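Undergrad: After the structure tokens below, expect a handful of questions from me.
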Amino acid sequence: MIINELSQDVQRMGKRDWLALAGVLLVCALLSILAVHRFQSVNNERLTEFFDTEFSDVSVGIKERIGLYEYGIRGVRGMLVALEPGEYSLWSFRNYMATRDLEREFPGARGFGLIFNVPSEKLERFQATMSTEYGELKPIRNLDLVTDQHFVIRYIEPLERNREAVGLNIASEQSRYSAAIQSVMDGQARLTAPITAVQKSTDAQSAFLMLLPIQRAFKSGDDFNVRLKNTEGWAYAVLVIDEIMSKIKFDHRHMAVRLSDVTNPSTPVQFYQSAQMDGPDALQRKSTVLNVYGRQWRLDAALLPSYNSDFKPYNMAWIGLLTFTVSLGVLLLAAQLIRGRNRDMVAKLYQLKLTSAIIEGSPLGKVLADLNGRIVDVNTRLLDMFNYRREEIIGEAVEVLVPESVRARHREHRKKYDFAMRSMNVGRILAGRRKDGSEFPIEATLNTIEVGQRRFVLVGINDVTERVGFIQEIQRINTELESTVQQRTQQLREAQDTLNKIVDSVPVMIGYWNHHLDMTYANQRLRVFVDQLKNTAQYEELFSADSAHVQAALSGTTERFEYAVALPGAGQQYLLIDYIPHKEQGQLRGFFSLIQDVSDLKQLQMNAELTSKQKSAFLAVMSHEIRTPLNGVLGYASLLRDRVEDESLRADLEVLHSSAQTMTMILNDILDLSKIESGQFRVEKIPFVVFDQIKTCITLHAIPAHDKGLRLLESYQGLGRDDYFLGDPTRFRQVIHNLMSNAMKFTESGEIEVSVCYTPTHQAQGVLRVSVRDTGIGIPTDKQKDIFKPFFQAEDSTFRKYGGTGLGLSIVQSVVLSMGGSVWFESMLGEGTTFHFELPMDRAPVQTNPAKVGRQLKVPSQSILIVDDMPINLKILRKLLENDGHQVTSVASGEAAVEACQSAVFDLVFMDIGMPGISGYEATRQIRMTCPLNAETPVVALSGHAFDEDIHQASEAGMCLHLSKPLDIERVRLAVANHARSIPHDGLEK
């Protein structure tokens with residue numbers, strides 16, 4: 001049967017040979033066509049890959065570049081938020097921008113700046129402040145919209161290329177305004193539509209503003225008006241598209257790019273094009289829409305024909321010729337192989353028929369070989385595996401399936417094979433070799449079989465390429481992972497080194513202590529500092545567990561304190577030290593330390609304090625020197641006025657007395673201004689009757705008003721005659737007096753009205769409003785903004801006509817603000833002025849007023865000692881007290897006062913402070929310690945000084961009261977009534 005089959009195969013062989021050659025020819029032709037098509041596809045793939053990569057680089061570059069600018073404006077916003085409202089200035093903004101390298105950090109950005117949301121009522125002051133900062137007039141400019149909103153550009157750096165933008169109101173242009181409003185609504189950075197920047201060097205509609213709102217308190221539930229009101233302004237960046245795109249890398253020679261704003265699809269706006277791209281010659285086109293901070297940009301790109309000239313694609317004619325030549329060679333080779341196959345066909349067919357049933361159905365590649373290693377038969381799976389045709393491999397040695405490098409060794413192993421073994425599993429990965437010479441991993445099993453009288457070896461071969469590939473991929477991934485870890489570790493080391501360099505370069509000592517007080521980090525400055533302080537008491541005070549500051553930091557409290565340290569060879573240094581607790585997940589891990597050398601600032605502070613002390617000393621001496629003669633003038637004027645009966649002479653004395661009082665008021669105003677400037681101005685909070693204070697001021701001005709023919713009017717609402725409030729009666733009366741004096745001075749005819757209204761707000765709390773209205777000359781509009789400035793007069797003629805120092809209203813404002821209130825006015829030139837002030841006033845329980853009681857009782861004769869080195873003062877005070885019936889002893893020095901108190905008992909002592917020899921302070925101390933007869937005698941201080949420290953020193957020395965010169969007779973009498981030792985004060989208080 002096998003022979004018959006073999007004969008039939010031989011008869012059919014000739015026909016099959018010609019068909020095989022025709023098939024080979026057809027396959028070669030198809031392969032040529034496929035090769036040309038494949039290389040054309042490669043050309044297209046290269047072109048598409050290049051275009052896709054360039055297009056992706058541009059789109060990603062645009063987004064990353066715009067995102068970089070958001071980072072910049074967030075830094076600007078952070079700088080502003082770190083400052084308290086009103087503390088920012090052009091100087092602080094420029095200092096911050098000086099720390100940024102704009103060209104390196106933010107390439108393509110024209111500049112960064114701040115826009116302020118300015119209410120209309122503050123616009124004029126804002127413009128004045130901005131002009132002062134820049135040293136030139138900076139008008140606020142509008143574009144094409146008329147609006148009552150003002151979003152004004154105040155700062156921008158670098159100024160030299162953005163100067164035109166300063167003072168621009170972006171709310172006056174729709175695109176800028178819309179972006180600002182949108183950013184307020186969602187609290188995020190927003191871009192404007194394409195705009196024409198006001199900078200001279202930019203093209204039309206080629207610029208953008210990126211706006212980030214500055215909101216110190218942002219709540220998602222707030223409506224838009226609340227958010228806009230809480231928006232101080234915007235941090236912003238000026239972006240010019242040509243400058244941005246010049247920093248984005250793509251192949252300008254071979255790709256054209258166009259950008260359009262399509263946020264409104266019906267009216268797209270083109271704002272950038274790198275080259276002409278609308279012609280029909282483009283190789284490929286691509287488009288996408290980018291969402292960029294609230295805007296939609298369409299990115300269009302075209303691949304230009306110049307790509308083919310530079311990148312040289314495969315030539316299809318040469319490819320076709322080459323594949324045809326190869327196909328012809330294959331055809332000739334196939335013919336030769338067919339002839340060779342004819343010679344051995346009978347043997348091959350016999351072997352194939354014999355074993356085909358066994359090997360063909362196996363899922364493994366099967367090879368049937370004789371004992372000489374010649375391949376007798378193979379299955380289809382093996383042919384597919386090794387890319388052989390059956391006729392090519394039958395009759396060949398099995399070494400054809402292994403790499404050439406191991407064929408000799410394989411042949412030796414084959415010769416030593418024990419054919420008596422039934423089977424053998426090699427059990428390891430071997431290498432197979434395909435027809436084209438490529439190698440791949442395999443596993444092989446060997447079995448010895450017998451067919452008839454002949455013995456064969458049946459080899460099963462399994463392609464393990466996928467398994468080995470998987471193992472190799474795992475190994476590759478592991479290698480890459482190890483490499484990535486090494487790279488990241490190196491990057492971390494470099495970043496740590498960079499951070500250390502930065503921290504070492506800052507002029508601050510920075511360190512970290514864990515909760516065991518181990519210093520785990522210190523920059524270079526701190527390491528040097530700690531080395532210098534080691535083993536010293538100062539180190540223990542700063543860094544040991546016994547340090548109170550360290551204990552506070554370890555308990556979670558931020559510590560800031562100053563510390564003076566003496567380093568070897570460096571002298572005294574003043575340090576500002578911050579200990580900042582470090583917590584993680586609610587647990588205290590340690591604390592950071594920031595130590596700054598503030599020696600220079602400390603020296604400036606000490607110099608300023610010295611200057612202030614010198615100024616205070618000068619004012620104290622001036623006050624004493626002026627008040628002493630004034631005391632004589634006022635005293636004698638009072639004495640003579642009470643004794644003289646001649647009306648003409650009394651009128652002259654009244655003028656003298658008034659003039660001296662006016663001079664005293666001017667001196668008090670100057671001293672009050674000095675206290676305000678030096679921070680020594682204090683207000684007290686005691687019960688007093690508001691009605692009495694206002695009535696006193698009206699009474700004092702009644703005679704001058706009558707002399708000028710003016711009507712004095714008064715009205716009260718929500719206020720009783722005996723209602724007590726908590727406050728400073730002296731300062732309250734001073735404000736009323738200054739406002740009435742101001743109204744009296746500038747009103748020639750008509751009336752002056754004082755209106756008082758108390759409005760309760762909660763239980764005993766409320767607001768007191770006082771208004772002083774006059775029908776005087778009024779205040780010019782252009783002068784109203786300066787009316788509260790010290791020494792200000794509306795016109796030079798005002799000073800010549802009305803006199804005055806210009807301090808009254810300035811002191812009014814300072815006193816009202818110190819009492820927690822506010823002051824304002826309305827004025828019409830030629831019609832008059834109304835000043836208002838409001839104070840928060842709490843009601844107080846009904847009190848007994850010792851001052852009133854003291855004036856109402858007739859004080860019995862007292863034994864009084866007066867001490868003053870000025871004879872005129874002794875004489876005046878003696879006469880005033882003797883006229884009231886008191887027994888007076890007078891001495892001219894502190895030493896004489898101590899001697900007098902050692903030998904006589906006094907009910908009250910009036911003691912001058914500034915005397916030659918021992919001062920009044922020292923004399924009082926000695927009387928308390930060495931004079932048993934007068935150890936408890938009340939001592940009243942008399943001084944030309946009127947500063948807080950003088951009153952404080954008098955109290956520390958044991959004095960019960962401080963009276964400033966020139967003396968007021970009523971205050972002297974009140975002092976006697978309230979403080980003389982022999983008067984039963986308990987009875988008075990009742």
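Identifiers in this document derive from the order of the structure tokens: chains are assigned A, B, ..., residues are numbered from 1 separately in each chain, and ligands are numbered from 1 in order of occurrence.
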Using DSSP on the backbone coordinates, identify all residues within stretch 380-581 of chain A classified as strand (DSSP E); present the result as an mmCIF file with N, CA and C atoms, in the first residue's frame.
TA:
data_model
loop_
_atom_site.group_PDB
_atom_site.id
_atom_site.type_symbol
_atom_site.label_atom_id
_atom_site.label_comp_id
_atom_site.auth_asym_id
_atom_site.auth_seq_id
_atom_site.Cartn_x
_atom_site.Cartn_y
_atom_site.Cartn_z
ATOM 1 N N SER A 423 12.447 7.073 27.480
ATOM 2 C CA SER A 423 12.153 8.503 27.311
ATOM 3 C C SER A 423 13.134 9.331 28.129
ATOM 4 N N MET A 424 13.216 10.599 27.771
ATOM 5 C CA MET A 424 14.077 11.522 28.520
ATOM 6 C C MET A 424 13.517 12.937 28.395
ATOM 7 N N ASN A 425 13.407 13.590 29.550
ATOM 8 C CA ASN A 425 12.954 14.989 29.597
ATOM 9 C C ASN A 425 14.163 15.856 29.908
ATOM 10 N N LEU A 430 16.393 25.338 26.224
ATOM 11 C CA LEU A 430 17.376 25.242 25.145
ATOM 12 C C LEU A 430 17.106 26.337 24.128
ATOM 13 N N ALA A 431 17.976 26.394 23.126
ATOM 14 C CA ALA A 431 17.809 27.386 22.072
ATOM 15 C C ALA A 431 17.484 26.694 20.770
ATOM 16 N N GLY A 432 16.455 27.140 20.082
ATOM 17 C CA GLY A 432 16.132 26.659 18.749
ATOM 18 C C GLY A 432 16.498 27.699 17.720
ATOM 19 N N ARG A 433 16.681 27.232 16.482
ATOM 20 C CA ARG A 433 17.076 28.146 15.406
ATOM 21 C C ARG A 433 16.091 28.001 14.266
ATOM 22 N N GLU A 439 16.960 32.926 16.616
ATOM 23 C CA GLU A 439 16.933 31.941 17.687
ATOM 24 C C GLU A 439 15.786 32.243 18.640
ATOM 25 N N PHE A 440 15.266 31.191 19.306
ATOM 26 C CA PHE A 440 14.182 31.377 20.258
ATOM 27 C C PHE A 440 14.262 30.267 21.281
ATOM 28 N N PRO A 441 13.722 30.465 22.458
ATOM 29 C CA PRO A 441 13.849 29.470 23.526
ATOM 30 C C PRO A 441 12.847 28.326 23.347
ATOM 31 N N ILE A 442 13.302 27.106 23.667
ATOM 32 C CA ILE A 442 12.438 25.927 23.543
ATOM 33 C C ILE A 442 12.692 24.991 24.720
ATOM 34 N N GLU A 443 11.725 24.094 24.937
ATOM 35 C CA GLU A 443 11.896 22.928 25.801
ATOM 36 C C GLU A 443 11.729 21.674 24.932
ATOM 37 N N ALA A 444 12.528 20.631 25.196
ATOM 38 C CA ALA A 444 12.491 19.427 24.357
ATOM 39 C C ALA A 444 12.391 18.167 25.217
ATOM 40 N N THR A 445 11.593 17.192 24.738
ATOM 41 C CA THR A 445 11.505 15.859 25.358
ATOM 42 C C THR A 445 11.867 14.811 24.293
ATOM 43 N N LEU A 446 12.593 13.785 24.695
ATOM 44 C CA LEU A 446 13.051 12.747 23.771
ATOM 45 C C LEU A 446 12.443 11.400 24.167
ATOM 46 N N ASN A 447 11.956 10.670 23.159
ATOM 47 C CA ASN A 447 11.425 9.321 23.369
ATOM 48 C C ASN A 447 11.936 8.429 22.238
ATOM 49 N N THR A 448 12.299 7.188 22.599
ATOM 50 C CA THR A 448 12.709 6.206 21.596
ATOM 51 C C THR A 448 11.506 5.346 21.231
ATOM 52 N N ILE A 449 11.237 5.261 19.876
ATOM 53 C CA ILE A 449 10.105 4.450 19.414
ATOM 54 C C ILE A 449 10.604 3.497 18.324
ATOM 55 N N GLU A 450 9.872 2.422 18.120
ATOM 56 C CA GLU A 450 10.172 1.468 17.070
ATOM 57 C C GLU A 450 9.012 1.397 16.089
ATOM 58 N N VAL A 451 9.363 1.426 14.787
ATOM 59 C CA VAL A 451 8.363 1.294 13.725
ATOM 60 C C VAL A 451 8.803 0.125 12.858
ATOM 61 N N ARG A 454 12.599 -0.871 12.560
ATOM 62 C CA ARG A 454 13.503 0.274 12.667
ATOM 63 C C ARG A 454 13.220 1.043 13.943
ATOM 64 N N ARG A 455 14.291 1.636 14.520
ATOM 65 C CA ARG A 455 14.183 2.448 15.748
ATOM 66 C C ARG A 455 14.357 3.918 15.381
ATOM 67 N N PHE A 456 13.501 4.716 15.954
ATOM 68 C CA PHE A 456 13.527 6.168 15.716
ATOM 69 C C PHE A 456 13.513 6.904 17.060
ATOM 70 N N VAL A 457 13.910 8.166 16.986
ATOM 71 C CA VAL A 457 13.803 9.073 18.147
ATOM 72 C C VAL A 457 12.726 10.101 17.833
ATOM 73 N N LEU A 458 11.722 10.176 18.710
ATOM 74 C CA LEU A 458 10.635 11.168 18.564
ATOM 75 C C LEU A 458 10.893 12.316 19.556
ATOM 76 N N VAL A 459 11.074 13.480 18.987
ATOM 77 C CA VAL A 459 11.399 14.682 19.800
ATOM 78 C C VAL A 459 10.168 15.587 19.848
ATOM 79 N N GLY A 460 9.753 15.908 21.070
ATOM 80 C CA GLY A 460 8.688 16.903 21.253
ATOM 81 C C GLY A 460 9.289 18.262 21.637
ATOM 82 N N ILE A 461 8.923 19.273 20.893
ATOM 83 C CA ILE A 461 9.512 20.619 21.098
ATOM 84 C C ILE A 461 8.391 21.608 21.418
ATOM 85 N N ASN A 462 8.594 22.392 22.487
ATOM 86 C CA ASN A 462 7.617 23.404 22.913
ATOM 87 C C ASN A 462 8.274 24.791 22.851
ATOM 88 N N ASP A 463 7.620 25.716 22.166
ATOM 89 C CA ASP A 463 8.115 27.115 22.072
ATOM 90 C C ASP A 463 7.756 27.846 23.374
ATOM 91 N N MET A 509 19.644 81.625 61.664
ATOM 92 C CA MET A 509 20.056 80.338 62.205
ATOM 93 C C MET A 509 18.824 79.439 62.341
ATOM 94 N N ILE A 510 18.852 78.279 61.655
ATOM 95 C CA ILE A 510 17.695 77.398 61.589
ATOM 96 C C ILE A 510 18.093 76.028 62.137
ATOM 97 N N GLY A 511 17.250 75.466 63.001
ATOM 98 C CA GLY A 511 17.559 74.163 63.569
ATOM 99 C C GLY A 511 16.303 73.434 63.987
ATOM 100 N N TYR A 512 16.486 72.165 64.352
ATOM 101 C CA TYR A 512 15.361 71.350 64.799
ATOM 102 C C TYR A 512 15.819 70.486 65.968
ATOM 103 N N TRP A 513 15.031 70.511 67.042
ATOM 104 C CA TRP A 513 15.270 69.668 68.220
ATOM 105 C C TRP A 513 14.092 68.711 68.362
ATOM 106 N N ASN A 514 14.397 67.413 68.556
ATOM 107 C CA ASN A 514 13.311 66.474 68.805
ATOM 108 C C ASN A 514 12.887 66.556 70.271
ATOM 109 N N MET A 519 19.574 67.820 68.892
ATOM 110 C CA MET A 519 19.538 68.709 67.736
ATOM 111 C C MET A 519 19.788 67.856 66.485
ATOM 112 N N THR A 520 18.699 67.525 65.780
ATOM 113 C CA THR A 520 18.809 66.629 64.631
ATOM 114 C C THR A 520 19.093 67.374 63.334
ATOM 115 N N TYR A 521 18.948 68.698 63.326
ATOM 116 C CA TYR A 521 19.292 69.468 62.131
ATOM 117 C C TYR A 521 19.729 70.872 62.557
ATOM 118 N N ALA A 522 20.724 71.381 61.857
ATOM 119 C CA ALA A 522 21.164 72.763 62.078
ATOM 120 C C ALA A 522 21.865 73.239 60.814
ATOM 121 N N GLU A 559 6.960 80.126 70.939
ATOM 122 C CA GLU A 559 7.691 81.084 71.764
ATOM 123 C C GLU A 559 8.443 82.062 70.873
ATOM 124 N N ARG A 560 8.359 83.340 71.201
ATOM 125 C CA ARG A 560 9.188 84.369 70.554
ATOM 126 C C ARG A 560 9.739 85.270 71.650
ATOM 127 N N PHE A 561 11.046 85.452 71.666
ATOM 128 C CA PHE A 561 11.657 86.270 72.701
ATOM 129 C C PHE A 561 12.982 86.820 72.197
ATOM 130 N N GLU A 562 13.426 87.879 72.876
ATOM 131 C CA GLU A 562 14.726 88.469 72.570
ATOM 132 C C GLU A 562 15.731 87.991 73.604
ATOM 133 N N TYR A 563 16.984 87.881 73.146
ATOM 134 C CA TYR A 563 18.024 87.375 74.037
ATOM 135 C C TYR A 563 19.328 88.062 73.683
ATOM 136 N N ALA A 564 20.015 88.544 74.704
ATOM 137 C CA ALA A 564 21.318 89.186 74.521
ATOM 138 C C ALA A 564 22.405 88.174 74.850
ATOM 139 N N VAL A 565 23.359 88.040 73.941
ATOM 140 C CA VAL A 565 24.414 87.053 74.122
ATOM 141 C C VAL A 565 25.756 87.718 73.823
ATOM 142 N N ALA A 566 26.761 87.305 74.587
ATOM 143 C CA ALA A 566 28.116 87.824 74.392
ATOM 144 C C ALA A 566 28.979 86.682 73.873
ATOM 145 N N LEU A 567 29.379 86.755 72.592
ATOM 146 C CA LEU A 567 30.207 85.724 71.988
ATOM 147 C C LEU A 567 31.672 86.157 72.031
ATOM 148 N N GLY A 571 31.563 90.606 70.799
ATOM 149 C CA GLY A 571 30.860 91.599 71.597
ATOM 150 C C GLY A 571 29.410 91.207 71.844
ATOM 151 N N GLN A 572 28.636 92.175 72.282
ATOM 152 C CA GLN A 572 27.230 91.939 72.629
ATOM 153 C C GLN A 572 26.389 91.825 71.361
ATOM 154 N N GLN A 573 25.569 90.781 71.273
ATOM 155 C CA GLN A 573 24.645 90.594 70.167
ATOM 156 C C GLN A 573 23.242 90.414 70.719
ATOM 157 N N TYR A 574 22.266 90.957 69.970
ATOM 158 C CA TYR A 574 20.863 90.814 70.345
ATOM 159 C C TYR A 574 20.200 89.870 69.346
ATOM 160 N N LEU A 575 19.539 88.860 69.861
ATOM 161 C CA LEU A 575 18.926 87.831 69.026
ATOM 162 C C LEU A 575 17.418 87.838 69.206
ATOM 163 N N LEU A 576 16.718 87.647 68.071
ATOM 164 C CA LEU A 576 15.265 87.419 68.088
ATOM 165 C C LEU A 576 15.063 85.938 67.812
ATOM 166 N N ILE A 577 14.471 85.221 68.777
ATOM 167 C CA ILE A 577 14.409 83.759 68.732
ATOM 168 C C ILE A 577 12.951 83.304 68.679
ATOM 169 N N ASP A 578 12.665 82.392 67.742
ATOM 170 C CA ASP A 578 11.347 81.766 67.635
ATOM 171 C C ASP A 578 11.505 80.259 67.841
ATOM 172 N N TYR A 579 10.704 79.707 68.770
ATOM 173 C CA TYR A 579 10.597 78.251 68.930
ATOM 174 C C TYR A 579 9.206 77.853 68.443
ATOM 175 N N ILE A 580 9.150 77.021 67.376
ATOM 176 C CA ILE A 580 7.881 76.675 66.742
ATOM 177 C C ILE A 580 7.644 75.183 66.932
ATOM 178 N N PRO A 581 6.618 74.777 67.678
ATOM 179 C CA PRO A 581 6.359 73.346 67.912
ATOM 180 C C PRO A 581 6.066 72.608 66.608
#
Undergrad: Near A:Met97, counting only C-alpha atoms, which residues have an atom at most 12 Å away, once you skip same-chain residues fewer than 6 positions from it, shown as a list of chain:residue names?
TA: A:Gly72, A:Ile73, A:Gly75, A:Val76, A:Arg77, A:Met79, A:Leu80, A:Leu90, A:Trp91, A:Glu103, A:Glu105, A:Gly111, A:Phe112, A:Gly113, A:Leu114, A:Tyr155, A:Ile156, A:Glu157, A:Pro158, A:Leu159
Undergrad: With N, CA and C atoms retained, write the just-selected residues as a PDB file, in the first residue's frame.
TA:
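Output file result_18.pdb follows:
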ATOM      1  N   GLY A  72       3.340  81.535  39.918  1.00  0.00           N
ATOM      2  CA  GLY A  72       3.941  82.847  40.197  1.00  0.00           C
ATOM      3  C   GLY A  72       2.979  83.787  40.883  1.00  0.00           C
ATOM      4  N   ILE A  73       1.720  83.865  40.374  1.00  0.00           N
ATOM      5  CA  ILE A  73       0.782  84.809  40.991  1.00  0.00           C
ATOM      6  C   ILE A  73       0.325  84.318  42.353  1.00  0.00           C
ATOM      7  N   GLY A  75       2.364  83.021  44.455  1.00  0.00           N
ATOM      8  CA  GLY A  75       3.415  83.561  45.319  1.00  0.00           C
ATOM      9  C   GLY A  75       3.193  85.018  45.643  1.00  0.00           C
ATOM     10  N   VAL A  76       2.747  85.808  44.630  1.00  0.00           N
ATOM     11  CA  VAL A  76       2.463  87.240  44.865  1.00  0.00           C
ATOM     12  C   VAL A  76       1.319  87.377  45.854  1.00  0.00           C
ATOM     13  N   ARG A  77       0.268  86.548  45.675  1.00  0.00           N
ATOM     14  CA  ARG A  77      -0.856  86.620  46.621  1.00  0.00           C
ATOM     15  C   ARG A  77      -0.408  86.237  48.026  1.00  0.00           C
ATOM     16  N   MET A  79       2.495  86.664  49.349  1.00  0.00           N
ATOM     17  CA  MET A  79       3.222  87.798  49.940  1.00  0.00           C
ATOM     18  C   MET A  79       2.255  88.806  50.529  1.00  0.00           C
ATOM     19  N   LEU A  80       1.153  89.122  49.810  1.00  0.00           N
ATOM     20  CA  LEU A  80       0.216  90.142  50.285  1.00  0.00           C
ATOM     21  C   LEU A  80      -0.557  89.660  51.499  1.00  0.00           C
ATOM     22  N   LEU A  90       4.709  99.790  47.930  1.00  0.00           N
ATOM     23  CA  LEU A  90       5.539  99.544  46.748  1.00  0.00           C
ATOM     24  C   LEU A  90       6.873  98.957  47.153  1.00  0.00           C
ATOM     25  N   TRP A  91       7.421  99.440  48.293  1.00  0.00           N
ATOM     26  CA  TRP A  91       8.718  98.926  48.759  1.00  0.00           C
ATOM     27  C   TRP A  91       8.645  97.445  49.099  1.00  0.00           C
ATOM     28  N   GLU A 103      12.948  85.878  34.575  1.00  0.00           N
ATOM     29  CA  GLU A 103      13.342  85.311  33.294  1.00  0.00           C
ATOM     30  C   GLU A 103      13.578  83.815  33.384  1.00  0.00           C
ATOM     31  N   GLU A 105      12.470  81.691  36.157  1.00  0.00           N
ATOM     32  CA  GLU A 105      11.362  80.954  36.748  1.00  0.00           C
ATOM     33  C   GLU A 105      10.086  81.020  35.908  1.00  0.00           C
ATOM     34  N   GLY A 111       5.184  90.400  33.166  1.00  0.00           N
ATOM     35  CA  GLY A 111       5.366  90.969  34.496  1.00  0.00           C
ATOM     36  C   GLY A 111       4.311  90.427  35.452  1.00  0.00           C
ATOM     37  N   PHE A 112       4.529  90.635  36.755  1.00  0.00           N
ATOM     38  CA  PHE A 112       3.605  90.245  37.811  1.00  0.00           C
ATOM     39  C   PHE A 112       3.233  91.484  38.613  1.00  0.00           C
ATOM     40  N   GLY A 113       1.993  91.537  39.091  1.00  0.00           N
ATOM     41  CA  GLY A 113       1.586  92.727  39.819  1.00  0.00           C
ATOM     42  C   GLY A 113       0.393  92.475  40.714  1.00  0.00           C
ATOM     43  N   LEU A 114      -0.122  93.589  41.284  1.00  0.00           N
ATOM     44  CA  LEU A 114      -1.257  93.550  42.204  1.00  0.00           C
ATOM     45  C   LEU A 114      -2.302  94.559  41.738  1.00  0.00           C
ATOM     46  N   TYR A 155       0.573  97.893  41.567  1.00  0.00           N
ATOM     47  CA  TYR A 155       1.981  97.516  41.471  1.00  0.00           C
ATOM     48  C   TYR A 155       2.172  96.552  40.314  1.00  0.00           C
ATOM     49  N   ILE A 156       3.316  96.661  39.635  1.00  0.00           N
ATOM     50  CA  ILE A 156       3.708  95.675  38.629  1.00  0.00           C
ATOM     51  C   ILE A 156       5.210  95.739  38.457  1.00  0.00           C
ATOM     52  N   GLU A 157       5.816  94.581  38.380  1.00  0.00           N
ATOM     53  CA  GLU A 157       7.262  94.464  38.178  1.00  0.00           C
ATOM     54  C   GLU A 157       7.518  93.464  37.059  1.00  0.00           C
ATOM     55  N   PRO A 158       8.547  93.682  36.206  1.00  0.00           N
ATOM     56  CA  PRO A 158       9.433  94.850  36.203  1.00  0.00           C
ATOM     57  C   PRO A 158       8.730  96.108  35.674  1.00  0.00           C
ATOM     58  N   LEU A 159       8.924  97.206  36.349  1.00  0.00           N
ATOM     59  CA  LEU A 159       8.178  98.422  36.042  1.00  0.00           C
ATOM     60  C   LEU A 159       8.576  99.012  34.697  1.00  0.00           C
TER      61      LEU A 159
END
Undergrad: What lies within 9 Å of A:Ser715 using only C-alpha atoms, ignoring chain neighbours under 5 positions off, as number ranges by chain?
TA: A: 753-757
Undergrad: What's the separation between atom CA of A:Asp728 and atom CA of A:Thr699, in Å to one decimal place?
TA: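 Separation between atom CA of A:Asp728 and atom CA of A:Thr699: 19.9 Å.
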Undergrad: Go through A:Pro860, A:Gly221, A:Pro305, A:Pro629 and flag the residue nearest A:Ala980, using only C-alpha atoms for the distances.
TA: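 The shortest atom-to-atom distance to A:Ala980 comes from A:Pro860.
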Undergrad: Which residues come within 12 Å of A:Glu399, counting only C-alpha atoms, excluding same-chain residues fewer than 3 positions away, as a list in words?
TA: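 In the requested format, the answer is Val367, Ala369, Asn372, Gly373, Arg374, Ile375, Ile393, Gly395, Glu396, Val402, Pro403, Glu404, Ser405, Val406, Arg407, Ala408, Arg409, His410, Arg411, Glu412, His413, Arg414, Ala431, Gly432, Arg433, Arg434 and Lys435 of chain A.
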Undergrad: Would you list the contacts of A:Val81 as an MDAnalysis selection string, taking every protein, DNA or RNA residue within 12 Å and counting only C-alpha atoms, but skipping same-chain residues closer than 2 positions in sequence?
TA: chainID A and resid 74:79 83:88 93 114 213:217 231:235
Undergrad: Stretch 230-337 of chain A: which residues are helix (DSSP H, G or I) by DSSP, as a PyMOL selection string?
TA: chain A and resi 230+241-246+306-311+316-337
Undergrad: Measuring atom to atom with only C-alpha atoms, identify which of A:Ala896, A:Val823, A:Met915, A:Leu542 is nearest to A:Asp868.
TA: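 Once distances to A:Asp868 are computed over only C-alpha atoms, the minimum belongs to A:Met915.
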Undergrad: What does the distance from atom CA of A:Ala537 to atom CA of A:Val506 come to in Å, to one decimal?
TA: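 Those two atoms sit 27.2 Å apart.
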